[in-house]
Structures are given as structure tokens and as C-alpha cells.
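Shown next, in C-alpha cells, is the structure this report addresses.
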Amino acid sequence: MKAGMLVRVRPDHPSAGNMGLILECGFGEDAAARVQWFDGSIYWINTQLLEEVRASDKKLEKNT
């Protein structure tokens, strides 16, 4: 994980689905990331609780 990534909390966590943008990120197995969440809050969270949101995760709808 690195700064600038769009992430969400993994499904097996009480905050599952919360999305945000990584502002800072440590390295290693027990690294933490400082995330700005879409609700406006900013806090550190263990990167093992996060998953990257990729373009393939986004569903595109056709305009009719």
C-alpha cells in the first residue's frame, strides 16, 4: 500500500466497506496507514485491515 491509493475496510471488520484515501503509509507486516475517510475523519489503521479499490471493482452503468 502507498499514499494516494483508494482503499476500503475488509469485509470481516466491523467498519467493513468504509472507503478512503491513504495519506501516509508505513512499511512492513504490521504497517499502519493514515487514511482520510469519505466521512471526513482522518486516522491511522493497520494496513492488514484494508484492501485496495481497483478500477475492475467499479461497475460501469450504461446511459440509456
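In the C-alpha cells, the first chain shown is A, the next is B, and so on; residue numbers restart at 1 for each chain, and ligands run from 1 in the order shown.
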- prompt: If you count only C-alpha atoms, which residues fall within 9 Å of range 14-22 of chain A, apart from same-chain ones fewer than 5 positions away, as a ChimeraX atom specification?
  reply: /A:1-9,33-40,53
message: Residues within 6 Å of Ala32 in chain A, please, as a PyMOL selection string. Count only C-alpha atoms; anything in the same chain fewer than 6 positions from it doesn't count.
response: chain A and resi 26+45-47
Writer output for current selection, C-alpha atoms, as a compact mmCIF listing (two decimals), in the first residue's frame:
# COMPACT_ATOMS: atom_id res chain seq x y z
CA GLY A 26 4.37 2.71 6.76
CA ILE A 45 -5.33 1.97 10.71
CA ASN A 46 -3.41 -1.29 10.26
CA THR A 47 -2.94 -1.97 6.55
field: Residue nearest His13 in chain A among A:Arg54, A:Leu49, A:Asp30, A:Trp44 (counting only C-alpha atoms)
entry: A:Leu49
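Among the candidate residues A:Ala31, A:Gln48, A:Ser41, A:Glu24, the one lying nearest to Asp12 in chain A is A:Gln48, with distances computed using only C-alpha atoms.
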task: Run DSSP on the backbone and grab whatever in chain A lands in helix (DSSP H, G or I); send it over as a list in words.
output: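 In chain A, DSSP puts these residues in helix (DSSP H, G or I): Thr47, Gln48, Leu49, Ala55, Ser56 and Asp57 of chain A.
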